[in-house]
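Undergrad: Following this line is structure-v8.cif, made up of mmCIF, C-alpha atoms and all ligand atoms:
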data_protein
#
loop_
_atom_site.label_atom_id
_atom_site.label_comp_id
_atom_site.auth_asym_id
_atom_site.auth_seq_id
_atom_site.Cartn_x
_atom_site.Cartn_y
_atom_site.Cartn_z
CA MET Z 1 160.36 132.09 -51.55
CA THR Z 2 163.05 129.47 -51.10
CA ASP Z 3 164.10 127.02 -53.74
CA ALA Z 4 162.83 123.46 -53.45
CA PRO Z 5 165.34 121.46 -51.42
CA CYS Z 6 167.77 119.43 -53.47
CA SER Z 7 167.34 115.68 -53.27
CA THR Z 8 168.67 114.43 -49.98
CA GLU Z 9 169.31 110.79 -49.17
CA THR Z 10 165.99 110.80 -47.35
CA ASP Z 11 164.01 112.02 -50.39
CA ARG Z 12 165.54 109.31 -52.55
CA LEU Z 13 164.84 106.47 -50.09
CA VAL Z 14 161.31 105.09 -50.35
CA LEU Z 15 159.67 102.45 -48.16
CA ILE Z 16 156.61 100.65 -49.52
CA ARG Z 17 154.60 97.51 -48.84
CA GLY Z 18 154.23 95.36 -51.91
CA ASP Z 19 155.26 92.48 -54.11
CA LEU Z 20 158.78 93.06 -55.44
CA THR Z 21 158.09 91.07 -58.60
CA THR Z 22 155.68 93.81 -59.72
CA VAL Z 23 157.88 96.83 -58.90
CA ALA Z 24 159.40 98.68 -61.85
CA ALA Z 25 163.04 99.68 -61.34
CA ASP Z 26 166.33 99.49 -63.22
CA ALA Z 27 167.36 96.72 -60.83
CA LEU Z 28 165.41 94.40 -58.55
CA VAL Z 29 167.35 92.64 -55.81
CA ASN Z 30 166.58 88.98 -55.22
CA ALA Z 31 167.02 87.17 -51.88
CA ALA Z 32 168.98 84.28 -53.37
CA ASN Z 33 170.95 81.36 -51.94
CA ALA Z 34 174.58 80.46 -52.60
CA SER Z 35 173.71 77.99 -55.37
CA LEU Z 36 171.86 80.68 -57.38
CA ARG Z 37 169.61 77.84 -58.51
CA GLY Z 38 166.42 79.37 -57.17
CA GLY Z 39 164.47 78.38 -54.09
CA GLY Z 40 161.37 79.31 -52.13
CA GLY Z 41 160.14 82.66 -50.83
CA LEU Z 42 160.91 85.67 -52.97
CA ASP Z 43 163.57 83.77 -54.95
CA GLY Z 44 160.94 81.30 -56.21
CA ALA Z 45 158.55 84.12 -57.09
CA MET Z 46 161.27 86.07 -58.93
CA HIS Z 47 162.29 83.06 -61.01
CA ARG Z 48 158.68 82.20 -61.85
CA ALA Z 49 158.00 85.77 -62.93
CA ALA Z 50 161.28 86.21 -64.83
CA GLY Z 51 161.14 82.98 -66.81
CA PRO Z 52 163.81 80.59 -68.11
CA GLU Z 53 166.37 83.07 -69.44
CA MET Z 54 167.25 84.41 -66.01
CA ARG Z 55 167.49 80.89 -64.61
CA ALA Z 56 169.89 79.89 -67.40
CA GLU Z 57 172.07 82.92 -66.68
CA CYS Z 58 172.08 82.09 -62.95
CA LEU Z 59 173.11 78.51 -63.61
CA LYS Z 60 176.14 79.71 -65.59
CA MET Z 61 177.37 81.72 -62.58
CA ARG Z 62 178.41 78.66 -60.55
CA GLY Z 63 177.02 80.08 -57.34
CA CYS Z 64 177.82 83.08 -55.17
CA PRO Z 65 179.32 83.20 -51.67
CA THR Z 66 177.20 84.41 -48.77
CA GLY Z 67 177.60 88.17 -48.33
CA GLU Z 68 178.09 88.79 -52.06
CA ALA Z 69 175.86 89.37 -55.08
CA ARG Z 70 175.71 88.64 -58.81
CA ILE Z 71 173.86 90.39 -61.62
CA THR Z 72 171.79 88.95 -64.48
CA GLY Z 73 169.16 90.08 -66.93
CA ALA Z 74 165.62 90.30 -65.62
CA GLY Z 75 163.68 88.22 -68.16
CA ARG Z 76 159.99 89.17 -67.96
CA LEU Z 77 160.36 91.12 -64.70
CA PRO Z 78 159.75 94.89 -64.98
CA ALA Z 79 163.46 95.68 -64.64
CA ARG Z 80 166.65 95.79 -66.67
CA GLN Z 81 168.66 93.64 -64.30
CA VAL Z 82 168.27 91.42 -61.27
CA ILE Z 83 170.89 91.47 -58.54
CA HIS Z 84 170.99 88.15 -56.73
CA ALA Z 85 172.19 88.85 -53.19
CA VAL Z 86 173.02 85.97 -50.88
CA GLY Z 87 172.21 86.93 -47.31
CA PRO Z 88 173.29 84.91 -44.28
CA MET Z 89 171.16 82.29 -42.60
CA TRP Z 90 170.50 83.33 -38.98
CA ARG Z 91 172.39 81.05 -36.58
CA GLY Z 92 171.84 82.95 -33.35
CA GLY Z 93 173.69 86.14 -34.21
CA GLN Z 94 177.22 85.12 -33.15
CA HIS Z 95 178.39 83.80 -36.50
CA GLY Z 96 179.08 87.00 -38.39
CA GLU Z 97 175.50 87.34 -39.59
CA HIS Z 98 175.34 91.12 -39.14
CA ALA Z 99 178.55 91.77 -41.07
CA LEU Z 100 177.53 89.36 -43.82
CA LEU Z 101 174.17 91.06 -44.22
CA ALA Z 102 175.82 94.49 -44.45
CA SER Z 103 178.27 93.08 -47.00
CA CYS Z 104 175.37 91.81 -49.09
CA TYR Z 105 173.85 95.27 -49.37
CA ARG Z 106 177.25 96.82 -50.12
CA HIS Z 107 177.93 94.30 -52.90
CA ALA Z 108 174.50 94.93 -54.40
CA PHE Z 109 175.18 98.69 -54.47
CA LEU Z 110 178.60 98.13 -56.07
CA LEU Z 111 176.85 96.32 -58.92
CA VAL Z 112 174.25 99.10 -59.18
CA GLN Z 113 177.07 101.61 -59.60
CA ALA Z 114 179.16 99.47 -61.95
CA HIS Z 115 176.18 98.98 -64.28
CA GLY Z 116 175.03 102.60 -64.20
CA LEU Z 117 171.64 101.74 -62.73
CA ARG Z 118 169.66 104.66 -61.32
CA THR Z 119 166.79 103.00 -59.48
CA VAL Z 120 166.91 99.85 -57.39
CA ALA Z 121 164.35 98.00 -55.27
CA PHE Z 122 165.31 95.70 -52.40
CA PRO Z 123 163.42 93.15 -50.32
CA SER Z 124 164.31 92.69 -46.67
CA LEU Z 125 167.19 90.26 -47.26
CA SER Z 126 167.52 87.24 -44.96
CA THR Z 127 164.46 88.01 -42.83
CA GLY Z 128 162.19 85.34 -44.33
CA LEU Z 129 163.24 81.70 -44.66
CA TYR Z 130 166.75 82.60 -43.42
CA GLY Z 131 165.29 83.78 -40.10
CA PHE Z 132 167.30 86.99 -39.49
CA PRO Z 133 165.22 89.04 -36.99
CA ILE Z 134 163.84 91.99 -38.92
CA GLU Z 135 164.39 94.40 -36.00
CA GLU Z 136 168.13 93.69 -36.30
CA ALA Z 137 168.19 93.55 -40.09
CA ALA Z 138 166.34 96.83 -40.69
CA PRO Z 139 169.05 99.19 -39.35
CA ILE Z 140 171.71 97.33 -41.36
CA ALA Z 141 169.64 97.59 -44.54
CA LEU Z 142 168.67 101.22 -44.06
CA ARG Z 143 172.19 102.37 -43.15
CA ALA Z 144 173.56 100.66 -46.25
CA MET Z 145 170.90 102.34 -48.39
CA ARG Z 146 171.61 105.77 -46.97
CA GLU Z 147 175.37 105.32 -47.35
CA ALA Z 148 174.95 104.33 -50.99
CA LEU Z 149 172.67 107.30 -51.67
CA ALA Z 150 175.21 109.62 -50.07
CA ARG Z 151 178.09 108.18 -52.10
CA GLN Z 152 176.31 107.74 -55.43
CA PRO Z 153 174.74 111.01 -56.59
CA ALA Z 154 173.58 109.31 -59.82
CA LEU Z 155 171.38 106.98 -57.80
CA GLU Z 156 167.89 108.45 -58.14
CA ARG Z 157 165.83 106.13 -55.99
CA VAL Z 158 166.28 103.22 -53.60
CA THR Z 159 163.04 101.46 -52.69
CA ALA Z 160 162.70 99.00 -49.82
CA VAL Z 161 159.75 96.76 -50.66
CA LEU Z 162 158.32 95.13 -47.56
CA PHE Z 163 155.97 92.21 -47.94
CA THR Z 164 153.79 92.81 -44.88
CA ASP Z 165 152.41 95.80 -43.00
CA ALA Z 166 154.27 94.60 -39.90
CA ASP Z 167 157.62 94.57 -41.75
CA LEU Z 168 156.92 97.99 -43.24
CA ALA Z 169 156.18 99.34 -39.76
CA VAL Z 170 159.55 98.04 -38.49
CA TYR Z 171 161.39 99.75 -41.36
CA GLN Z 172 159.47 103.01 -40.86
CA ARG Z 173 160.18 103.01 -37.13
CA THR Z 174 163.85 102.20 -37.70
CA LEU Z 175 164.26 104.95 -40.29
CA ALA Z 176 162.69 107.47 -37.92
CA GLN Z 177 165.15 106.37 -35.20
CA LEU Z 178 168.13 106.70 -37.55
CA ASP Z 179 166.92 110.16 -38.59
CA SER Z 180 166.50 111.34 -35.01
CA ALA Z 181 170.02 110.10 -34.16
CA ARG Z 182 171.56 112.27 -36.92
N1 LIG X 1 157.99 90.78 -52.54
C1 LIG X 1 158.65 91.38 -51.51
N2 LIG X 1 159.09 90.71 -50.44
C2 LIG X 1 158.85 89.37 -50.41
C3 LIG X 1 158.18 88.66 -51.44
C4 LIG X 1 157.74 89.44 -52.54
N3 LIG X 1 157.11 88.89 -53.59
N4 LIG X 1 158.12 87.34 -51.09
C5 LIG X 1 158.71 87.23 -49.90
N5 LIG X 1 159.14 88.45 -49.47
P1 LIG X 1 162.88 85.12 -48.28
P2 LIG X 1 165.61 85.00 -47.22
C6 LIG X 1 159.85 88.84 -48.26
O1 LIG X 1 162.44 83.94 -47.50
O2 LIG X 1 165.12 85.11 -45.82
C7 LIG X 1 164.89 81.16 -50.66
O3 LIG X 1 164.55 79.80 -50.67
C8 LIG X 1 159.74 87.95 -47.06
O4 LIG X 1 158.54 88.23 -46.34
O5 LIG X 1 162.39 85.25 -49.68
O6 LIG X 1 166.76 85.87 -47.64
C9 LIG X 1 166.27 81.40 -51.24
O7 LIG X 1 166.55 80.53 -52.32
C10 LIG X 1 160.96 88.40 -46.28
O8 LIG X 1 160.69 89.59 -45.56
O9 LIG X 1 164.49 85.26 -48.35
C11 LIG X 1 167.15 81.15 -50.06
O10 LIG X 1 167.38 79.76 -49.89
C12 LIG X 1 161.98 88.73 -47.38
O11 LIG X 1 161.23 88.86 -48.58
C13 LIG X 1 166.35 81.66 -48.89
O12 LIG X 1 164.97 81.59 -49.31
C14 LIG X 1 163.04 87.68 -47.58
O13 LIG X 1 162.42 86.41 -47.44
C15 LIG X 1 166.66 83.10 -48.61
O14 LIG X 1 165.99 83.49 -47.44
#
Re-express the file's structure as structure tokens.

TA:
Amino acid sequence: MTDAPCSTETDRLVLIRGDLTTVAADALVNAANASLRGGGGLDGAMHRAAGPEMRAECLKMRGCPTGEARITGAGRLPARQVIHAVGPMWRGGQHGEHALLASCYRHAFLLVQAHGLRTVAFPSLSTGLYGFPIEEAAPIALRAMREALARQPALERVTAVLFTDADLAVYQRTLAQLDSAR
């Protein structure tokens, strides 16, 4: 009998369909905008669910540049912290959008590491109101997640929470393609 395999990056990367505001994790990542003052989409839902304390903390931050992230408490959300990541608005794909999206994920993982967080759940950043095509965003997101899992052994679980079945299918297909290219 062989021992159970040790946790690989693949075991620790989970894709689910769901509502991020109800997912329990050390950190939930919000799809914020540069003002950090809240907005529509997931950002609106996160702020409504978290309550006024998180909003007050966000307002003190004085914004966050696109491609970066900031961390606050999570108020009433089922998490210890919220990481507010500011993804790029899609402007046709020739304005650095891909690099900025990758940078967003990297910054979020730097905060996860700096704060000793072991589980983190992400939405699909930029692919809603900001219009980034999900087929192009998914490989950027999944590569960043796998790189972080490889570099951070203390990271127990990274969950990508997709809002629709169609988005989940894109992520599943993309992950299978990345795996087969290994
Ligand atoms: N759980 C998981 N995913 C969700 C949820 C949810 N509850 N709600 C939406 N999504 P978006 P963006 C998905 O528009 O594109 C805000 O106004 C959604 O289907 O929330 O980064 C901010 O203030 C999509 O796949 O964020 C910014 O101004 C993904 O989350 C701007 O929108 C991201 O959609 C940011 O735009």

Undergrad: Residues of chain Z within 9 Å of ligand LIG 1 (chain X): nearest atom pair and distance (Å, one decimal) for each, counting all atoms listed in the file, sorted by chain and number, as a Markdown table?

TA:
| residue | atom | partner | partner_atom | distance |
| --- | --- | --- | --- | --- |
| Z:Arg17 | CA | X:LIG1 | C1 | 7.8 |
| Z:Gly18 | CA | X:LIG1 | N1 | 6.0 |
| Z:Asp19 | CA | X:LIG1 | N1 | 3.6 |
| Z:Leu20 | CA | X:LIG1 | N1 | 3.8 |
| Z:Thr21 | CA | X:LIG1 | N3 | 5.6 |
| Z:Thr22 | CA | X:LIG1 | N3 | 8.0 |
| Z:Val23 | CA | X:LIG1 | N1 | 8.8 |
| Z:Asn30 | CA | X:LIG1 | O5 | 7.9 |
| Z:Ala31 | CA | X:LIG1 | O6 | 4.4 |
| Z:Ala32 | CA | X:LIG1 | C9 | 4.5 |
| Z:Asn33 | CA | X:LIG1 | C11 | 4.2 |
| Z:Ala34 | CA | X:LIG1 | O10 | 7.7 |
| Z:Ser35 | CA | X:LIG1 | O7 | 8.2 |
| Z:Leu36 | CA | X:LIG1 | O7 | 7.3 |
| Z:Arg37 | CA | X:LIG1 | O7 | 7.4 |
| Z:Gly38 | CA | X:LIG1 | O7 | 5.0 |
| Z:Gly39 | CA | X:LIG1 | O7 | 3.5 |
| Z:Gly40 | CA | X:LIG1 | O3 | 3.5 |
| Z:Gly41 | CA | X:LIG1 | O5 | 3.6 |
| Z:Leu42 | CA | X:LIG1 | O5 | 3.6 |
| Z:Asp43 | CA | X:LIG1 | O7 | 5.1 |
| Z:Gly44 | CA | X:LIG1 | O3 | 6.8 |
| Z:Ala45 | CA | X:LIG1 | N3 | 6.1 |
| Z:Met46 | CA | X:LIG1 | N3 | 7.3 |
| Z:Ala85 | CA | X:LIG1 | O6 | 8.3 |
| Z:Val86 | CA | X:LIG1 | O6 | 7.0 |
| Z:Gly87 | CA | X:LIG1 | O6 | 5.6 |
| Z:Pro88 | CA | X:LIG1 | O6 | 7.4 |
| Z:Met89 | CA | X:LIG1 | O14 | 7.2 |
| Z:Trp90 | CA | X:LIG1 | O2 | 8.9 |
| Z:Phe122 | CA | X:LIG1 | C1 | 8.0 |
| Z:Pro123 | CA | X:LIG1 | N2 | 5.0 |
| Z:Ser124 | CA | X:LIG1 | C12 | 4.6 |
| Z:Leu125 | CA | X:LIG1 | O6 | 4.4 |
| Z:Ser126 | CA | X:LIG1 | O6 | 3.1 |
| Z:Thr127 | CA | X:LIG1 | O2 | 4.2 |
| Z:Gly128 | CA | X:LIG1 | O2 | 3.3 |
| Z:Leu129 | CA | X:LIG1 | O1 | 3.7 |
| Z:Tyr130 | CA | X:LIG1 | O2 | 3.8 |
| Z:Gly131 | CA | X:LIG1 | O2 | 5.9 |
| Z:Phe132 | CA | X:LIG1 | O2 | 7.0 |
| Z:Ile134 | CA | X:LIG1 | O8 | 7.7 |
| Z:Ala160 | CA | X:LIG1 | C1 | 8.8 |
| Z:Val161 | CA | X:LIG1 | C1 | 5.6 |
| Z:Leu162 | CA | X:LIG1 | N2 | 5.3 |
| Z:Phe163 | CA | X:LIG1 | N2 | 4.3 |
| Z:Thr164 | CA | X:LIG1 | O4 | 6.8 |
| Z:Asp167 | CA | X:LIG1 | O8 | 7.0 |

Undergrad: So what do you get for atom CA of Ala102 of chain Z versus atom CA of His47 of chain Z, distance-wise?

TA: 24.2 Å

Undergrad: In terms of the shortest atom-to-atom distance over only C-alpha atoms, which of Z:Leu100, Z:Ala108, Z:Ala74, Z:Leu175 is closest to Gly51 of chain Z?

TA: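 Of all the options, Z:Ala74 lies closest to Gly51 of chain Z.
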
Undergrad: Check the smallest atom-to-atom distance from each of Z:Met54, Z:Ala154, Z:Leu28, Z:Leu142 to Gln113 of chain Z using only C-alpha atoms, then report the winner.

TA: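 Smallest separation from Gln113 of chain Z among the options: Z:Ala154.
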
Undergrad: How many Å separate atom CA of Arg80 of chain Z from atom CA of Ala121 of chain Z?

TA: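 Here the two named atoms are 11.8 Å from each other.
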
Undergrad: Select, from Z:Glu53, Z:Asp26, Z:Arg157, Z:Arg173, the residue with the minimum atom-to-atom distance to Gly116 of chain Z, counting all atoms listed in the file.

TA: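 That would be Z:Asp26, the residue with the smallest distance to Gly116 of chain Z.
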
Undergrad: Counting all atoms listed in the file, which of Z:Arg91, Z:Arg55, Z:Arg118, Z:His84 gets nearest to Pro153 of chain Z?

TA: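 With all atoms listed in the file as the atom set, the closest residue is Z:Arg118.
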
Undergrad: At a cut-off of 8 Å around the point (160.3, 103.5, -50.0) (file coordinates), what residues fall inside when counting all atoms listed in the file? I'd like the answer as JSON, numbers by chain.

TA: {"Z": [13, 14, 15, 16, 158, 159, 160, 161]}

Undergrad: Could you tell me which of Z:Cys104, Z:Ala24, Z:Leu117, Z:Leu59 comes closest to Pro78 of chain Z if we count all atoms listed in the file?

TA: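 Looking at the shortest contact to Pro78 of chain Z, the residue is Z:Ala24.
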
Undergrad: Between Z:Ala114, Z:Leu155, Z:Ala141, Z:Leu77, which one has atoms that come closest to His98 of chain Z, using only C-alpha atoms?

TA: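 Once distances to His98 of chain Z are computed over only C-alpha atoms, the minimum belongs to Z:Ala141.
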
Undergrad: One decimal, in Å: what's the spacing between atom CA of Val82 of chain Z and atom CA of Arg146 of chain Z?

TA: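 About the pair atom CA of Val82 of chain Z and atom CA of Arg146 of chain Z: they are 20.5 Å apart.
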